[in-house]
Amino acid sequence: MSLRASLLVTICASSLLAEAGGPAVSIALADEVPPVTGRSQPAAGTVTGHPAARARNAGQGTAAHGTTDAGNADSRHEDIVVTAARRNRMYVTSGGDLGALGNKKGLDVPFNIRSYNSSLILNQQSQTLGDVLLNDPTVRTTMGYGNYAQLFQIRGFTLYGDDVAIDGLYGVTPRQLVSPQLYDSVQVLNGASAFLNGAAPGGSAIGGNVNLIPKRAGATDITRITGDYTSSGQGGGAFDISRRFGKDRAFGFRFNAAGMDGETAIKGERHDDVALGVAFDWHNDDTRINMNMNYQKQQVFGGRSAIIVSSLATDMPAPKATSPSENWGQRWAYTDLSYLFGTFNVEHDFGSHITAYSKFGAQSGNEMGNYATTTLTNSVTGAGTVGAMADAYNVMNEATQAGVHAHVTTGPIRHEINAGGSAIWEESDAAYSMSLVSQAGNIYHPTQFTPSETYSGGILNNPGRVSWNKLYSLFLSDTMTFWHDRIALTGGFRYQDILSDSFAYGTGKLSTHYDAAAFSPVIGLVIHPVRHAALYFNRIQGLSAGQTVGSTYVNAGQVFAPYQSTQYEVGAKYDIGRFAAGVAFFQTSMPYGLTEAYGNTGQEIYTQDGRQRNRGMELTFNGEILRGLRFNGGLTLIDAKQTHTAGGTYDGKTVIGVPNYTINGNLEYDVPFIKGLTLVGRVISTGKQQFNNANTTHLPAWSRFDLGARYTFLAASKPLTARFEVDNIGNQRYWASVYESDLVMGDPETFKFSISADL
């Protein structure tokens with residue numbers, strides 16, 4: 001373990017010991033009482049409802065227990081333990097932020113959205129966003145080309161890290177790796193969302209998106225310190241403080257700090273992570289204001305990247321999986337990612353029928369790295385080549401959104417009208433230096449070499465502008481509710497304009513210009529046949545920038561309209577508060593660029609006639625099955641087909657890297673005869689994935705199992721929670737994914753331990 005990691009653990013342990021002799025008072029252990037399953041909640045620190053109720057709720061907390069009655073001391077201490085254990089439970093709620101429609105309960109909307117709360121993030125010692133999404137049966141995590149960036153696959157379509165949102169705003173989130181310790185919840189929306197959130201600036205989010213809600217001060221004050229350890233040598237800690245103050249406790253403040261440093265369970269790979277976040281909020285009867293500012297720095301040294309397998313012959317099998325802890329990366333390879341980012345939100349009620357809101361977010365990011373990329377040339381022997389490229393990439397992004405929610409009644413119909421607009425500005429500066437000669441390598445017998453990067457584009461110490469993107473949109477919708485709130489019909493549209501300029505490396509000369517617009521309509525229907533159930537339907541689109549055709553094609557210079565992916569979905573939901581379930585059937589058709597022969601001229605034409613069609617079913621469950629037994633998970637079945645390919649060569653073939661099924665199951669069991677003890681378990685299973693377009697070979701299905709426990713106890717009346725977990729028990733060997741010909745190894749067996757004290 002490094003010196004920095006040792007100091008973090010020592011500080012955390014010393015703080016815990018120092019508090020052991022404190023006064024015997026009872027305190028609350030979580031940000032707030034866990035929300036009722038199936039109901040979307042406002043962001044922490046936002047107080048809603050009737051003005052008088054808002055004032056009362058804002059000041060509520062957990063009253064301190066006195067210590068004058070010695071005869072009741074054991075009972076009080078047991079109550080503290082039980083309360084602490086309860087507030088550490090895994091909670092997954094249905095509902096969340098639906099962009100243009102606002103915050104909604106899952107049962108009331110024609111979309112599938114879930115939220116994973118901060119106690120789950122803390123209990124699982126999640127270090128990246130991908131660690132949190134391991135809990136979702138509809139999401140799989142993979143890696144980008146040549147680096148350590150996490151990408152996410154939802155309904156068989158890619159979600160880039162660039163297109164993860166914060167507070168509903170695109171362009172603000174760190175691009176490659178996200179530290180989840182700063183967030184109160186991670187929300188997953190399944191399905192296209194061009195109307196709800198606008199076009200994602202990275203061009204992804206066709207099958208779904210992820211939205212992060214920052215931590216803010218809740219109704220209960222918090223002072224929490226955590227120390228943690230992860231094998232084989234990572235140590236760190238975290239500090240979380242939350243306060244409300246002023247008249248009616250209208251002002252809120254929250255500060256979070258987390259860090260970890262040391263060698264991971266992959267041999268020779270080291271991570272160094274720091275995350276800092278501060279949030280302020282204020283409210284009165286009519287107005288809510290909140291602001292958060294964050295800093296994140298993630299470093300990876302000697303990392304193991306994905307393997308490029310596109311050069312393999314179509315008749316070659318997938319390579320045999322190595323030991324999950326093996327590392328074919330180079331010791332000199334590294335990435336250094338630093339981001340400063342934040343959001344500012346204002347919401348005001350004009351009477352009881354109209355609410356106006358505005359959001360603003362910004363990000364400044366600096367990325368440096370030197371990457372070793374392995375290209376496999378023989379899947380049997382493991383032979384290949386290793387290239388080297390250094391890269392500098394800086395981003396400066398801004399995003400804003402403003403709108404109105406209005407409630408109007410016309411006869412027997414209630415209307416919720418949503419209108420507004422959004423804008424995103426993104427500027428990217430970049431430079432690179434690469435080796436023109438690749439070195440021989442082997443994933444089973446890796447060797448080290450010294451890189452010689454002689455070919456460059458731009459200056460690494462002073463990268464120049466390479467892209468400038470501007471996305472503007474306007475939206476309007478009306479949700480009509482009638483028949484005693486049993487039926488809700490939503491109709492609307494978003495007008496999206498996408499402008500994108502790219503510039504040559506080094507010279508800064510304009511190389512391509514793109515400017516096109518499109519309308520994205522939406523229609524959704526929800527029917528409540530009984531109180532706790534809903535049937536729903538939606539037709540909605542995904543949207544991404546089209547292409548400006550290059551000079552090598554017969555139609556050079558043609559500017560295509562944005563790609564419009566169309567989704568149809570029908571499903572059912574059931575929610576009784578403590579337990580929720582849902583089933584969805586969907587189909588999404590996505591166009592993509594295609595190169596075809598132009599008659600008999602010997603030339604080629606570039607079109608947007610390529611087509612991929614994904615069909616599937618999602619089945620999700622979360623909540624308390626029996627008293628003390630909780631479950632979260634489900635099943636996804638996907639049939640992803642190439643329906644129109646160049647010359648029809650691969651028509652009807654399965655898309656590379658889309659598993660035919662994914663299964664997740666998380667269980668928590670409160671041991672009844674040991675107060676405060678909870679056993680936890682998780683299974684993650686992924687079906688076969690096609691290895692090439694011809695479907696001549698595939699990755700085998702794989703499953704992994706995780707087990708753990710946590711125990712809440714008292715030390716001098718201070719509640720502490722200790723956690724222990726083992727991921728990938730038995731060190732199962734498997735290839736996790738083969739995203740767009742980038743092969744990714746599964747994680748090795750990893751031991752995690754942490755202890756938290758609420759002071």
# chains A, B, ... in the order shown; residues from 1 in each chain; ligands from 1
call {"tool": "closest_atom_pairs", "arguments": {"of": "stretch 438-545 of chain A", "to": "stretch 313-321 of chain A", "cutoff": "12 Å", "atoms": "only C-alpha atoms", "output": "Markdown table"}}
result
| residue | atom | partner | partner_atom | distance |
| --- | --- | --- | --- | --- |
| A:Asn442 | CA | A:Pro319 | CA | 11.6 |
| A:Ile443 | CA | A:Pro319 | CA | 9.6 |
| A:Tyr444 | CA | A:Ala321 | CA | 9.3 |
call {"tool": "residues_around", "arguments": {"residues": "A:Gln558", "least_positions_apart": "2", "cutoff": "9 Å", "atoms": "only C-alpha atoms", "output": "list of chain:residue names"}}
result
A:Gln547, A:Thr548, A:Val549, A:Gly550, A:Asn555, A:Ala556, A:Phe560
call {"tool": "write_last_selection", "arguments": {"atoms": "N, CA, C and O atoms", "output": "tab-separated table (two decimals), in the first residue's frame"}}
result
chain	number	residue	atom	x	y	z
A	547	GLN	N	-23.71	12.89	-40.96
A	547	GLN	CA	-22.35	12.98	-41.47
A	547	GLN	C	-22.24	14.04	-42.56
A	547	GLN	O	-23.19	14.32	-43.29
A	548	THR	N	-21.05	14.62	-42.65
A	548	THR	CA	-20.66	15.40	-43.82
A	548	THR	C	-19.72	14.51	-44.63
A	548	THR	O	-18.66	14.11	-44.14
A	549	VAL	N	-20.12	14.16	-45.85
A	549	VAL	CA	-19.41	13.14	-46.63
A	549	VAL	C	-18.03	13.63	-47.04
A	549	VAL	O	-17.86	14.77	-47.49
A	550	GLY	N	-17.03	12.76	-46.88
A	550	GLY	CA	-15.65	13.09	-47.20
A	550	GLY	C	-15.36	13.14	-48.69
A	550	GLY	O	-16.17	12.72	-49.52
A	555	ASN	N	-20.35	11.42	-53.61
A	555	ASN	CA	-21.25	12.46	-53.09
A	555	ASN	C	-20.55	13.33	-52.06
A	555	ASN	O	-21.14	13.72	-51.04
A	556	ALA	N	-19.27	13.63	-52.30
A	556	ALA	CA	-18.47	14.43	-51.37
A	556	ALA	C	-19.16	15.76	-51.04
A	556	ALA	O	-19.72	16.42	-51.92
A	560	PHE	N	-25.79	15.14	-44.26
A	560	PHE	CA	-26.97	14.35	-43.93
A	560	PHE	C	-27.69	14.92	-42.72
A	560	PHE	O	-27.06	15.48	-41.80
call {"tool": "closest_residue", "arguments": {"among": "A:Lys718, A:Ser433, A:Phe449, A:His353", "to": "A:Thr409", "atoms": "only C-alpha atoms"}}
result
A:His353
call {"tool": "residues_around", "arguments": {"residues": "stretch 333-344 of chain A", "least_positions_apart": "3", "cutoff": "7 Å", "atoms": "only C-alpha atoms", "output": "number ranges by chain"}}
result
A: 172, 174, 290-303, 330, 359-372
call {"tool": "write_last_selection", "arguments": {"atoms": "N, CA, C and O atoms", "output": "CSV table (one decimal), in the first residue's frame"}}
result
chain,number,residue,atom,x,y,z
A,172,VAL,N,-21.5,18.0,-18.8
A,172,VAL,CA,-21.0,18.5,-17.5
A,172,VAL,C,-20.2,17.4,-16.8
A,172,VAL,O,-19.3,17.6,-16.0
A,174,PRO,N,-17.6,14.3,-16.0
A,174,PRO,CA,-16.2,13.9,-16.4
A,174,PRO,C,-16.3,12.8,-17.5
A,174,PRO,O,-17.2,11.9,-17.4
A,290,ASN,N,-30.2,25.6,-5.7
A,290,ASN,CA,-29.1,24.8,-5.2
A,290,ASN,C,-28.0,24.9,-6.2
A,290,ASN,O,-28.1,25.2,-7.4
A,291,MET,N,-26.8,24.7,-5.7
A,291,MET,CA,-25.5,24.8,-6.4
A,291,MET,C,-24.6,23.8,-5.9
A,291,MET,O,-24.5,23.5,-4.7
A,292,ASN,N,-23.8,23.1,-6.8
A,292,ASN,CA,-22.8,22.2,-6.4
A,292,ASN,C,-21.6,22.4,-7.3
A,292,ASN,O,-21.7,22.7,-8.5
A,293,MET,N,-20.4,22.3,-6.6
A,293,MET,CA,-19.1,22.4,-7.3
A,293,MET,C,-18.3,21.2,-6.9
A,293,MET,O,-18.2,20.8,-5.8
A,294,ASN,N,-17.6,20.6,-7.9
A,294,ASN,CA,-16.9,19.4,-7.7
A,294,ASN,C,-15.6,19.4,-8.4
A,294,ASN,O,-15.4,20.0,-9.5
A,295,TYR,N,-14.7,18.6,-7.8
A,295,TYR,CA,-13.3,18.4,-8.4
A,295,TYR,C,-13.1,16.9,-8.4
A,295,TYR,O,-13.3,16.2,-7.4
A,296,GLN,N,-12.6,16.4,-9.5
A,296,GLN,CA,-12.3,14.9,-9.6
A,296,GLN,C,-11.0,14.7,-10.3
A,296,GLN,O,-10.8,15.3,-11.3
A,297,LYS,N,-10.2,13.9,-9.7
A,297,LYS,CA,-8.9,13.5,-10.4
A,297,LYS,C,-8.7,12.0,-10.3
A,297,LYS,O,-8.8,11.4,-9.2
A,298,GLN,N,-8.6,11.3,-11.4
A,298,GLN,CA,-8.4,9.9,-11.5
A,298,GLN,C,-7.1,9.6,-12.3
A,298,GLN,O,-7.0,10.2,-13.4
A,299,GLN,N,-6.3,8.8,-11.7
A,299,GLN,CA,-5.0,8.4,-12.4
A,299,GLN,C,-4.9,6.9,-12.4
A,299,GLN,O,-5.3,6.2,-11.5
A,300,VAL,N,-4.5,6.4,-13.6
A,300,VAL,CA,-4.3,5.0,-13.7
A,300,VAL,C,-2.8,4.8,-14.2
A,300,VAL,O,-2.4,5.4,-15.2
A,301,PHE,N,-2.1,3.9,-13.6
A,301,PHE,CA,-0.7,3.7,-14.0
A,301,PHE,C,-0.5,2.2,-14.3
A,301,PHE,O,-0.9,1.3,-13.5
A,302,GLY,N,0.1,1.9,-15.4
A,302,GLY,CA,0.3,0.5,-15.8
A,302,GLY,C,-1.0,-0.3,-16.0
A,302,GLY,O,-1.0,-1.5,-15.7
A,303,GLY,N,-2.0,0.4,-16.5
A,303,GLY,CA,-3.3,-0.2,-16.6
A,303,GLY,C,-3.4,-1.2,-17.7
A,303,GLY,O,-2.6,-1.3,-18.7
A,330,GLN,N,1.6,-2.1,-20.5
A,330,GLN,CA,3.0,-1.6,-20.3
A,330,GLN,C,3.1,-0.8,-19.1
A,330,GLN,O,2.2,-0.1,-18.7
A,359,LYS,N,-31.5,25.8,-15.3
A,359,LYS,CA,-30.3,25.0,-14.9
A,359,LYS,C,-29.1,25.5,-15.7
A,359,LYS,O,-29.3,25.9,-16.9
A,360,PHE,N,-28.0,25.5,-15.1
A,360,PHE,CA,-26.8,25.8,-15.8
A,360,PHE,C,-25.7,24.9,-15.2
A,360,PHE,O,-25.6,24.7,-14.0
A,361,GLY,N,-24.8,24.4,-16.1
A,361,GLY,CA,-23.7,23.6,-15.7
A,361,GLY,C,-22.5,23.9,-16.6
A,361,GLY,O,-22.6,24.3,-17.7
A,362,ALA,N,-21.3,23.6,-16.0
A,362,ALA,CA,-20.1,23.8,-16.8
A,362,ALA,C,-19.1,22.8,-16.4
A,362,ALA,O,-19.1,22.2,-15.2
A,363,GLN,N,-18.1,22.5,-17.2
A,363,GLN,CA,-17.0,21.6,-17.0
A,363,GLN,C,-15.7,22.1,-17.6
A,363,GLN,O,-15.8,22.5,-18.8
A,364,SER,N,-14.7,22.0,-16.9
A,364,SER,CA,-13.3,22.2,-17.5
A,364,SER,C,-12.5,20.9,-17.2
A,364,SER,O,-12.3,20.5,-16.0
A,365,GLY,N,-12.0,20.3,-18.2
A,365,GLY,CA,-11.3,19.0,-18.1
A,365,GLY,C,-10.0,19.0,-18.7
A,365,GLY,O,-9.8,19.6,-19.8
A,366,ASN,N,-9.0,18.4,-18.1
A,366,ASN,CA,-7.7,18.2,-18.6
A,366,ASN,C,-7.3,16.8,-18.6
A,366,ASN,O,-7.3,16.2,-17.5
A,367,GLU,N,-7.0,16.2,-19.7
A,367,GLU,CA,-6.6,14.8,-19.8
A,367,GLU,C,-5.2,14.6,-20.4
A,367,GLU,O,-4.9,15.2,-21.5
A,368,MET,N,-4.4,13.8,-19.8
A,368,MET,CA,-3.1,13.5,-20.3
A,368,MET,C,-2.9,12.0,-20.2
A,368,MET,O,-3.4,11.4,-19.3
A,369,GLY,N,-2.2,11.4,-21.2
A,369,GLY,CA,-2.0,10.0,-21.1
A,369,GLY,C,-1.0,9.5,-22.1
A,369,GLY,O,-0.7,10.1,-23.1
A,370,ASN,N,-0.4,8.3,-21.8
A,370,ASN,CA,0.4,7.6,-22.8
A,370,ASN,C,-0.1,6.2,-22.8
A,370,ASN,O,-0.1,5.5,-21.7
A,371,TYR,N,-0.6,5.7,-23.9
A,371,TYR,CA,-1.4,4.5,-23.9
A,371,TYR,C,-0.7,3.4,-24.8
A,371,TYR,O,-0.1,3.7,-25.8
A,372,ALA,N,-0.8,2.2,-24.3
A,372,ALA,CA,-0.2,1.0,-25.0
A,372,ALA,C,-1.4,0.2,-25.5
A,372,ALA,O,-2.2,-0.3,-24.6
call {"tool": "atom_distance", "arguments": {"atom1": "atom CA of A:Arg494", "atom2": "atom CA of A:Ser520"}}
result
5.2 Å
call {"tool": "atom_distance", "arguments": {"atom1": "atom CA of A:Ala419", "atom2": "atom CA of A:Asn397"}}
result
24.1 Å
call {"tool": "select_by_dssp", "arguments": {"residues": "stretch 101-267 of chain A", "states": "strand (DSSP E or B)", "output": "PyMOL selection string"}}
result
chain A and resi 103-105+112-117+139-143+150-154+157-159+165-166+169+183-190+208-214+222-230+232-245+251-264
call {"tool": "write_last_selection", "arguments": {"atoms": "C-alpha atoms", "output": "mmCIF file, in the first residue's frame"}}
result
data_model
loop_
_atom_site.group_PDB
_atom_site.id
_atom_site.type_symbol
_atom_site.label_atom_id
_atom_site.label_comp_id
_atom_site.auth_asym_id
_atom_site.auth_seq_id
_atom_site.Cartn_x
_atom_site.Cartn_y
_atom_site.Cartn_z
ATOM 1 C CA ASN A 103 -39.265 14.488 -11.626
ATOM 2 C CA LYS A 104 -41.870 11.738 -11.820
ATOM 3 C CA LYS A 105 -42.967 8.589 -10.028
ATOM 4 C CA ASN A 112 -38.668 2.603 -17.494
ATOM 5 C CA ILE A 113 -36.479 4.490 -15.001
ATOM 6 C CA ARG A 114 -34.715 3.360 -11.802
ATOM 7 C CA SER A 115 -32.570 5.114 -9.196
ATOM 8 C CA TYR A 116 -29.739 3.549 -7.163
ATOM 9 C CA ASN A 117 -29.177 5.336 -3.864
ATOM 10 C CA VAL A 139 -26.696 -2.404 -18.313
ATOM 11 C CA ARG A 140 -23.250 -3.786 -19.135
ATOM 12 C CA THR A 141 -19.960 -1.904 -18.815
ATOM 13 C CA THR A 142 -17.105 -2.081 -21.294
ATOM 14 C CA MET A 143 -14.027 -0.023 -22.253
ATOM 15 C CA GLN A 150 -15.822 3.236 -19.238
ATOM 16 C CA LEU A 151 -18.618 2.822 -21.784
ATOM 17 C CA PHE A 152 -22.066 1.457 -21.025
ATOM 18 C CA GLN A 153 -24.362 -0.704 -23.089
ATOM 19 C CA ILE A 154 -28.126 -0.301 -22.610
ATOM 20 C CA PHE A 157 -26.616 0.350 -27.765
ATOM 21 C CA THR A 158 -23.598 2.256 -26.493
ATOM 22 C CA LEU A 159 -23.685 5.102 -23.986
ATOM 23 C CA ALA A 165 -25.779 13.641 -17.472
ATOM 24 C CA ILE A 166 -25.665 15.496 -14.154
ATOM 25 C CA LEU A 169 -27.568 18.362 -18.155
ATOM 26 C CA TYR A 183 -23.728 11.466 -5.903
ATOM 27 C CA ASP A 184 -26.916 10.878 -3.962
ATOM 28 C CA SER A 185 -28.365 8.657 -6.679
ATOM 29 C CA VAL A 186 -27.548 7.153 -10.066
ATOM 30 C CA GLN A 187 -30.598 7.100 -12.334
ATOM 31 C CA VAL A 188 -30.897 4.727 -15.297
ATOM 32 C CA LEU A 189 -33.442 5.450 -18.046
ATOM 33 C CA ASN A 190 -34.025 2.596 -20.479
ATOM 34 C CA GLY A 208 -30.880 4.662 -22.671
ATOM 35 C CA ASN A 209 -29.017 7.148 -20.544
ATOM 36 C CA VAL A 210 -27.656 7.689 -17.039
ATOM 37 C CA ASN A 211 -28.277 10.768 -14.900
ATOM 38 C CA LEU A 212 -26.361 11.624 -11.716
ATOM 39 C CA ILE A 213 -27.951 13.520 -8.814
ATOM 40 C CA PRO A 214 -25.324 15.244 -6.616
ATOM 41 C CA ILE A 222 -24.611 14.052 8.936
ATOM 42 C CA THR A 223 -21.005 13.728 10.031
ATOM 43 C CA ARG A 224 -19.647 10.500 8.568
ATOM 44 C CA ILE A 225 -16.088 9.270 8.253
ATOM 45 C CA THR A 226 -15.099 6.123 6.369
ATOM 46 C CA GLY A 227 -11.901 4.147 5.979
ATOM 47 C CA ASP A 228 -11.593 1.433 3.337
ATOM 48 C CA TYR A 229 -9.228 -1.116 1.837
ATOM 49 C CA THR A 230 -9.334 -3.006 -1.481
ATOM 50 C CA SER A 232 -4.270 -6.085 -3.440
ATOM 51 C CA GLY A 233 -3.064 -2.818 -1.930
ATOM 52 C CA GLN A 234 -5.523 0.052 -2.221
ATOM 53 C CA GLY A 235 -6.343 2.114 0.824
ATOM 54 C CA GLY A 236 -8.358 5.254 1.299
ATOM 55 C CA GLY A 237 -11.126 7.036 3.087
ATOM 56 C CA ALA A 238 -14.021 9.440 2.805
ATOM 57 C CA PHE A 239 -15.598 12.270 4.772
ATOM 58 C CA ASP A 240 -19.211 13.420 4.442
ATOM 59 C CA ILE A 241 -20.706 16.343 6.364
ATOM 60 C CA SER A 242 -24.188 17.816 5.923
ATOM 61 C CA ARG A 243 -25.879 20.650 7.792
ATOM 62 C CA ARG A 244 -29.061 22.688 7.605
ATOM 63 C CA PHE A 245 -29.307 26.019 9.398
ATOM 64 C CA PHE A 251 -30.023 26.931 4.157
ATOM 65 C CA GLY A 252 -28.173 23.709 3.431
ATOM 66 C CA PHE A 253 -24.503 22.817 3.113
ATOM 67 C CA ARG A 254 -22.841 19.531 2.253
ATOM 68 C CA PHE A 255 -19.201 18.619 1.784
ATOM 69 C CA ASN A 256 -17.810 15.328 0.487
ATOM 70 C CA ALA A 257 -14.220 14.183 0.144
ATOM 71 C CA ALA A 258 -13.058 10.745 -0.949
ATOM 72 C CA GLY A 259 -9.738 9.296 -1.997
ATOM 73 C CA MET A 260 -8.022 5.991 -2.662
ATOM 74 C CA ASP A 261 -4.533 5.028 -3.764
ATOM 75 C CA GLY A 262 -2.648 1.802 -4.380
ATOM 76 C CA GLU A 263 -2.292 -1.307 -6.514
ATOM 77 C CA THR A 264 -5.459 -2.996 -7.741
#
call {"tool": "residues_around", "arguments": {"residues": "stretch 120-132 of chain A", "least_positions_apart": "2", "cutoff": "7 Å", "atoms": "only C-alpha atoms", "output": "VMD selection string"}}
result
chain A and resid 90 to 91 116 to 118 134 to 135 141 150 177 to 180 723
call {"tool": "write_last_selection", "arguments": {"atoms": "C-alpha atoms", "output": "PDB file, in the first residue's frame"}}
result
ATOM      1  CA  MET A  90     -29.905  -1.350  -0.498  1.00  0.00           C
ATOM      2  CA  TYR A  91     -32.661   0.789  -2.004  1.00  0.00           C
ATOM      3  CA  TYR A 116     -29.739   3.549  -7.163  1.00  0.00           C
ATOM      4  CA  ASN A 117     -29.177   5.336  -3.864  1.00  0.00           C
ATOM      5  CA  SER A 118     -26.071   6.525  -2.034  1.00  0.00           C
ATOM      6  CA  LEU A 134     -23.036  -3.690 -11.974  1.00  0.00           C
ATOM      7  CA  ASN A 135     -26.309  -3.819 -10.046  1.00  0.00           C
ATOM      8  CA  THR A 141     -19.960  -1.904 -18.815  1.00  0.00           C
ATOM      9  CA  GLN A 150     -15.822   3.236 -19.238  1.00  0.00           C
ATOM     10  CA  LEU A 177     -14.163   7.746 -15.389  1.00  0.00           C
ATOM     11  CA  VAL A 178     -16.708   8.986 -12.848  1.00  0.00           C
ATOM     12  CA  SER A 179     -16.240   8.943  -9.058  1.00  0.00           C
ATOM     13  CA  PRO A 180     -19.659   7.922  -7.659  1.00  0.00           C
ATOM     14  CA  ARG A 723     -18.394  -4.089   5.603  1.00  0.00           C
TER      15      ARG A 723
END
call {"tool": "closest_atom_pairs", "arguments": {"of": "stretch 93-140 of chain A", "to": "stretch 482-488 of chain A", "cutoff": "10 Å", "atoms": "only C-alpha atoms", "output": "JSON lines"}}
result
{"residue": "A:Asp108", "atom": "CA", "partner": "A:Ala488", "partner_atom": "CA", "distance": 7.9}
{"residue": "A:Val109", "atom": "CA", "partner": "A:Ala488", "partner_atom": "CA", "distance": 8.3}
{"residue": "A:Pro110", "atom": "CA", "partner": "A:Ala488", "partner_atom": "CA", "distance": 9.0}
